[in-house]
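Okay, query39.cif now, which holds mmCIF, C-alpha atoms:
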data_data
loop_
_atom_site.label_atom_id
_atom_site.label_comp_id
_atom_site.auth_asym_id
_atom_site.auth_seq_id
_atom_site.Cartn_x
_atom_site.Cartn_y
_atom_site.Cartn_z
CA MET A 4 93.95 98.14 87.40
CA ILE A 5 92.59 99.78 90.57
CA PRO A 6 95.31 100.90 93.00
CA VAL A 7 94.94 101.19 96.75
CA TRP A 8 94.41 104.89 97.51
CA HIS A 9 96.90 106.04 100.15
CA PRO A 10 97.01 109.84 99.88
CA SER A 11 100.16 111.84 100.44
CA PRO A 12 100.03 115.50 101.51
CA ASN A 13 103.12 116.19 99.40
CA PHE A 14 101.78 117.54 96.12
CA GLY A 15 100.57 120.69 94.41
CA PRO A 16 99.18 121.91 91.09
CA ARG A 17 101.18 121.43 87.91
CA ARG A 18 102.81 124.69 86.90
CA ASP A 19 102.29 126.76 83.76
CA GLY A 20 99.36 124.67 82.61
CA LEU A 21 101.58 121.64 81.97
CA SER A 22 100.26 118.10 81.74
CA PRO A 23 102.16 114.81 81.90
CA SER A 24 104.37 114.07 78.90
CA LEU A 25 106.85 111.82 80.75
CA VAL A 26 106.85 108.94 83.20
CA VAL A 27 109.82 108.83 85.59
CA LEU A 28 110.75 105.49 87.16
CA HIS A 29 112.48 105.30 90.55
CA TYR A 30 113.57 102.66 93.01
CA THR A 31 112.74 103.24 96.65
CA ALA A 32 116.15 102.21 98.08
CA MET A 33 114.32 101.21 101.26
CA GLN A 34 113.86 97.96 103.15
CA ASP A 35 110.30 97.33 102.00
CA ALA A 36 107.21 98.94 100.49
CA ALA A 37 105.70 99.80 103.88
CA ALA A 38 108.73 101.91 104.79
CA ALA A 39 108.64 103.61 101.41
CA LEU A 40 104.93 104.32 101.73
CA ASP A 41 105.45 105.94 105.12
CA ARG A 42 108.20 108.17 103.78
CA LEU A 43 106.31 109.18 100.64
CA CYS A 44 103.32 110.20 102.75
CA ASP A 45 105.22 111.98 105.53
CA PRO A 46 104.82 115.78 105.29
CA VAL A 47 108.24 116.25 106.88
CA THR A 48 110.06 114.56 103.98
CA GLU A 49 108.42 116.72 101.28
CA VAL A 50 108.71 113.86 98.77
CA SER A 51 106.03 111.82 97.06
CA ALA A 52 105.16 109.98 93.87
CA HIS A 53 101.96 109.22 92.06
CA TYR A 54 102.36 105.46 92.44
CA LEU A 55 104.27 102.85 94.44
CA ILE A 56 104.54 99.23 93.32
CA GLY A 57 105.48 96.64 95.92
CA ALA A 58 107.74 93.65 95.29
CA ASP A 59 104.63 91.46 95.57
CA GLY A 60 102.91 93.43 92.80
CA ARG A 61 100.61 95.50 95.03
CA LEU A 62 99.91 98.98 93.72
CA TRP A 63 99.29 102.13 95.76
CA GLN A 64 98.37 105.58 94.48
CA MET A 65 99.39 108.57 96.59
CA VAL A 66 98.80 111.56 94.31
CA ASP A 67 96.18 112.13 91.62
CA GLU A 68 97.75 112.05 88.16
CA ALA A 69 96.48 115.54 87.41
CA GLN A 70 98.50 116.91 90.33
CA ARG A 71 102.24 117.58 90.65
CA ALA A 72 103.98 115.01 92.85
CA TRP A 73 107.42 115.75 94.31
CA HIS A 74 109.58 112.92 93.00
CA ALA A 75 112.00 114.15 90.35
CA GLY A 76 113.83 117.10 91.89
CA ALA A 77 116.45 119.09 90.00
CA GLY A 78 117.30 117.99 86.48
CA GLU A 79 116.12 118.18 82.90
CA TRP A 80 115.15 116.12 79.87
CA GLN A 81 115.19 117.22 76.23
CA GLY A 82 116.22 120.67 77.44
CA LEU A 83 113.17 121.05 79.66
CA ASP A 84 113.20 121.47 83.44
CA ASP A 85 110.53 121.23 86.16
CA ILE A 86 110.16 117.53 85.42
CA ASN A 87 107.68 117.21 88.30
CA SER A 88 105.18 119.33 86.37
CA ARG A 89 105.76 117.28 83.21
CA SER A 90 105.65 113.76 84.58
CA ILE A 91 104.02 110.89 86.41
CA GLY A 92 106.31 109.43 89.08
CA ILE A 93 106.36 105.70 89.80
CA GLU A 94 108.33 104.30 92.75
CA LEU A 95 109.42 100.65 92.60
CA ASP A 96 110.00 98.62 95.76
CA ASN A 97 113.67 97.74 95.27
CA ARG A 98 116.89 98.63 97.09
CA GLY A 99 118.80 98.95 93.81
CA ASP A 100 121.14 96.03 94.44
CA HIS A 101 118.97 93.10 93.36
CA PRO A 102 116.65 92.15 90.46
CA PHE A 103 113.15 93.58 90.25
CA SER A 104 110.56 90.92 91.09
CA ALA A 105 108.32 89.34 88.47
CA PRO A 106 105.08 90.50 90.20
CA LEU A 107 106.40 94.07 90.38
CA MET A 108 107.33 94.11 86.68
CA ALA A 109 103.97 92.63 85.68
CA THR A 110 102.11 95.36 87.58
CA LEU A 111 104.41 98.02 86.14
CA GLU A 112 103.64 96.90 82.59
CA ILE A 113 99.89 97.12 83.19
CA LEU A 114 100.15 100.51 84.91
CA LEU A 115 102.44 101.98 82.26
CA ALA A 116 100.13 100.89 79.45
CA GLU A 117 97.24 102.65 81.18
CA VAL A 118 99.19 105.84 81.96
CA LEU A 119 100.65 106.13 78.46
CA ARG A 120 97.21 105.69 76.95
CA ARG A 121 95.54 108.21 79.28
CA TRP A 122 98.06 110.96 78.58
CA ALA A 123 99.10 110.03 75.01
CA ILE A 124 102.72 109.63 76.14
CA PRO A 125 104.98 107.82 73.63
CA PRO A 126 107.24 104.97 74.80
CA ALA A 127 110.26 107.30 74.56
CA GLY A 128 108.62 109.37 77.30
CA VAL A 129 109.29 106.63 79.88
CA ILE A 130 112.61 107.54 81.51
CA GLY A 131 114.62 106.79 84.64
CA HIS A 132 115.47 109.21 87.42
CA SER A 133 119.11 108.82 86.36
CA ASP A 134 118.25 109.97 82.82
CA MET A 135 117.07 113.42 83.89
CA ALA A 136 119.44 113.84 86.86
CA PRO A 137 122.74 112.23 85.77
CA GLY A 138 125.39 112.18 88.44
CA ARG A 139 122.85 113.03 91.14
CA LYS A 140 120.61 109.99 90.80
CA CYS A 141 121.20 106.43 89.60
CA ASP A 142 117.74 104.86 89.90
CA PRO A 143 116.13 102.65 88.77
CA GLY A 144 119.69 101.38 88.36
CA PRO A 145 121.57 98.68 86.45
CA ARG A 146 119.32 95.82 87.62
CA PHE A 147 116.20 97.30 86.01
CA ASP A 148 115.01 95.50 82.86
CA TRP A 149 114.59 98.30 80.32
CA ALA A 150 114.75 95.80 77.46
CA ARG A 151 111.60 94.09 78.77
CA LEU A 152 109.69 97.37 78.69
CA ALA A 153 111.00 98.12 75.21
CA ARG A 154 109.84 94.73 73.92
CA ALA A 155 106.38 95.50 75.32
CA GLY A 156 106.33 98.89 73.58
CA LEU A 157 106.49 100.69 76.93
CA ALA A 158 109.92 102.32 76.61
CA ALA A 159 112.35 103.33 73.89
CA PRO A 160 114.62 100.59 72.51
CA THR A 161 117.76 100.07 74.55
CA LEU A 162 119.96 99.44 71.52
CA CYS A 163 119.99 100.59 67.89
CA GLU A 164 120.52 97.86 65.31
CA ARG A 165 123.21 99.91 63.64
CA LEU A 166 126.72 100.38 65.00
CA PHE A 167 128.60 103.58 64.33
CA GLU A 168 132.24 104.40 63.81
CA TYR A 169 134.22 105.12 66.94
CA PRO A 170 132.62 108.29 68.37
CA SER A 171 134.34 111.35 69.70
CA PRO A 172 133.11 112.77 73.03
CA GLN A 173 131.60 115.67 71.06
CA VAL A 174 129.63 113.36 68.76
CA PHE A 175 128.48 111.26 71.70
CA ARG A 176 127.35 114.36 73.61
CA ALA A 177 125.41 115.63 70.59
CA ARG A 178 123.64 112.29 70.17
CA ALA A 179 122.96 112.04 73.91
CA CYS A 180 121.55 115.58 73.90
CA ALA A 181 119.29 114.70 70.96
CA ALA A 182 118.06 111.68 72.92
CA GLY A 183 117.18 113.86 75.92
CA PHE A 184 120.31 113.83 78.11
CA THR A 185 120.71 117.60 78.26
CA ALA A 186 121.79 118.12 81.88
CA PRO A 187 125.07 120.10 82.09
CA VAL A 188 127.53 117.44 83.31
CA ASP A 189 131.06 116.39 82.32
CA ASP A 190 131.76 113.71 79.70
CA ASP A 191 132.40 110.88 82.18
CA THR A 192 129.20 111.59 84.11
CA LEU A 193 127.19 111.75 80.90
CA LEU A 194 128.61 108.43 79.71
CA ALA A 195 127.83 106.84 83.08
CA ALA A 196 124.23 108.08 82.95
CA VAL A 197 123.66 106.77 79.42
CA ARG A 198 125.15 103.42 80.37
CA LEU A 199 122.96 103.16 83.46
CA ARG A 200 119.95 103.35 81.14
CA HIS A 201 121.11 101.39 78.10
CA ARG A 202 124.32 99.41 78.84
CA PRO A 203 124.64 98.93 82.64
CA TRP A 204 127.14 96.10 82.15
CA ALA A 205 129.56 98.31 80.19
CA HIS A 206 132.86 99.60 81.53
CA GLY A 207 135.85 101.47 80.19
CA PRO A 208 136.17 104.33 77.72
CA LEU A 209 133.59 105.52 75.24
CA ALA A 210 132.83 102.83 72.64
CA PRO A 211 130.83 102.58 69.39
CA GLU A 212 128.14 100.60 71.23
CA ASP A 213 127.56 103.60 73.51
CA LEU A 214 126.60 105.73 70.54
CA ALA A 215 124.53 102.92 69.05
CA SER A 216 122.56 102.65 72.30
CA LEU A 217 121.07 106.11 71.81
CA ALA A 218 117.91 105.68 69.80
CA PRO A 219 116.45 108.91 68.43
CA ALA A 220 114.06 110.58 70.88
CA ALA A 221 110.43 111.23 70.02
CA PRO A 222 109.78 114.80 68.86
CA ARG A 223 108.54 117.22 71.47
CA ALA A 224 104.98 118.49 71.23
#

Turn this file's structure into structure tokens for me.
Amino acid sequence: MIPVWHPSPNFGPRRDGLSPSLVVLHYTAMQDAAAALDRLCDPVTEVSAHYLIGADGRLWQMVDEAQRAWHAGAGEWQGLDDINSRSIGIELDNRGDHPFSAPLMATLEILLAEVLRRWAIPPAGVIGHSDMAPGRKCDPGPRFDWARLARAGLAAPTLCERLFEYPSPQVFRARACAAGFTAPVDDDTLLAAVRLRHRPWAHGPLAPEDLASLAPAAPRA
């Protein structure tokens, strides 16, 4: 897949010799792809991403994959910070309140397969902005089809086959931490972040299905 090159000035070198080991998915929360493209390439905003996928399936590249785009901000995953230096950022043309289009998802699957292969990133390395910044970010949101990516081998499974006994908050936090949710937030915020990724339809107190949704994370290199 050959994207349309639309360079953004908002990038820099990856720090500490890091290379991509994650892919972070975002929604644009803007009216359309053209507005998002303008913002991601505006030096005043100081934000960018490596790729933008339009609702019609068009693909733009704004930052070379070897460079550090400014998409993730503060947060952490698997106890590691500076996610910008560790990741490829992909923006998806969606406001967050409606389903992601079929052409967009088809392009995303092709792009993800290429990126994961180029950088030897495992499926568990594909995360949402809300995963590494719980409480601060909620994208790509409850309308994003994580199960579709998992079925294609492009993301970690959204549910374990096994159900566990009713978990305590401490057990849930330990399992969430092992799966990568290491940001220092309170129990309710952590539960909300995990549900945004794995069980966006769920409500109410902590349940066995919440613990079952946390598949073991891939080991860090």

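The protein and nucleic acid residues lying at most 6 Å from Ile93 of chain A are Leu28, Tyr54 and Leu55 of chain A, with only C-alpha atoms considered and sequence neighbours fewer than 6 positions away removed.
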
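Closest approach to Leu214 of chain A among A:Gln34, A:Thr185, A:Thr192, A:Gln173 is made by A:Gln173 (distances from only C-alpha atoms).
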
Report task. For segment 72-78 of chain A, please output as an NGL selection string all residues within 6 Å (counting only C-alpha atoms; exclusion window: fewer than 4 positions along the same chain). Result -> :A and (14 or 50-52 or 87 or 135-136)

Report task. Could you expand the PyMOL selection byres ((chain A and resi 42-44) around 12) into the explicit residues it covers here, written as a ChimeraX atom specification? Result -> /A:8-14,31-41,45-55,63-66,72-74,92-94

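Take atom CA of Leu25 of chain A and atom CA of Ala179 of chain A: the distance between them is 17.5 Å.
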
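Residues selected in this file by the PyMOL selection byres ((chain A and resi 174) around 12) comprise Phe167, Glu168, Tyr169, Pro170, Ser171, Pro172, Gln173, Phe175, Arg176, Ala177, Arg178, Ala179, Cys180, Ala181, Asp190, Leu209, Ala210, Pro211, Asp213, Leu214, Ala215 and Leu217 of chain A.
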
Could you save the residues just selected, with C-alpha atoms, as a PDB file, in the coordinates of the input?
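File written: result-v3.pdb
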ATOM      1  CA  PHE A 167     128.600 103.580  64.330  1.00  0.00           C
ATOM      2  CA  GLU A 168     132.240 104.400  63.810  1.00  0.00           C
ATOM      3  CA  TYR A 169     134.220 105.120  66.940  1.00  0.00           C
ATOM      4  CA  PRO A 170     132.620 108.290  68.370  1.00  0.00           C
ATOM      5  CA  SER A 171     134.340 111.350  69.700  1.00  0.00           C
ATOM      6  CA  PRO A 172     133.110 112.770  73.030  1.00  0.00           C
ATOM      7  CA  GLN A 173     131.600 115.670  71.060  1.00  0.00           C
ATOM      8  CA  PHE A 175     128.480 111.260  71.700  1.00  0.00           C
ATOM      9  CA  ARG A 176     127.350 114.360  73.610  1.00  0.00           C
ATOM     10  CA  ALA A 177     125.410 115.630  70.590  1.00  0.00           C
ATOM     11  CA  ARG A 178     123.640 112.290  70.170  1.00  0.00           C
ATOM     12  CA  ALA A 179     122.960 112.040  73.910  1.00  0.00           C
ATOM     13  CA  CYS A 180     121.550 115.580  73.900  1.00  0.00           C
ATOM     14  CA  ALA A 181     119.290 114.700  70.960  1.00  0.00           C
ATOM     15  CA  ASP A 190     131.760 113.710  79.700  1.00  0.00           C
ATOM     16  CA  LEU A 209     133.590 105.520  75.240  1.00  0.00           C
ATOM     17  CA  ALA A 210     132.830 102.830  72.640  1.00  0.00           C
ATOM     18  CA  PRO A 211     130.830 102.580  69.390  1.00  0.00           C
ATOM     19  CA  ASP A 213     127.560 103.600  73.510  1.00  0.00           C
ATOM     20  CA  LEU A 214     126.600 105.730  70.540  1.00  0.00           C
ATOM     21  CA  ALA A 215     124.530 102.920  69.050  1.00  0.00           C
ATOM     22  CA  LEU A 217     121.070 106.110  71.810  1.00  0.00           C
TER      23      LEU A 217
END

Report summary line: With distances taken over only C-alpha atoms, the candidate from A:Gly15, A:Pro6, A:Pro106, A:Pro23 nearest Arg89 of chain A is A:Pro23

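From atom CA of His101 of chain A back to atom CA of Met4 of chain A, the distance works out to 26.2 Å.
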
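The space between atom CA of Ala109 of chain A and atom CA of Asp67 of chain A spans 21.8 Å.
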
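Among the candidates A:Glu212, A:Val129, A:Cys141, A:Arg61, the one nearest to Arg98 of chain A when counting only C-alpha atoms is A:Cys141.
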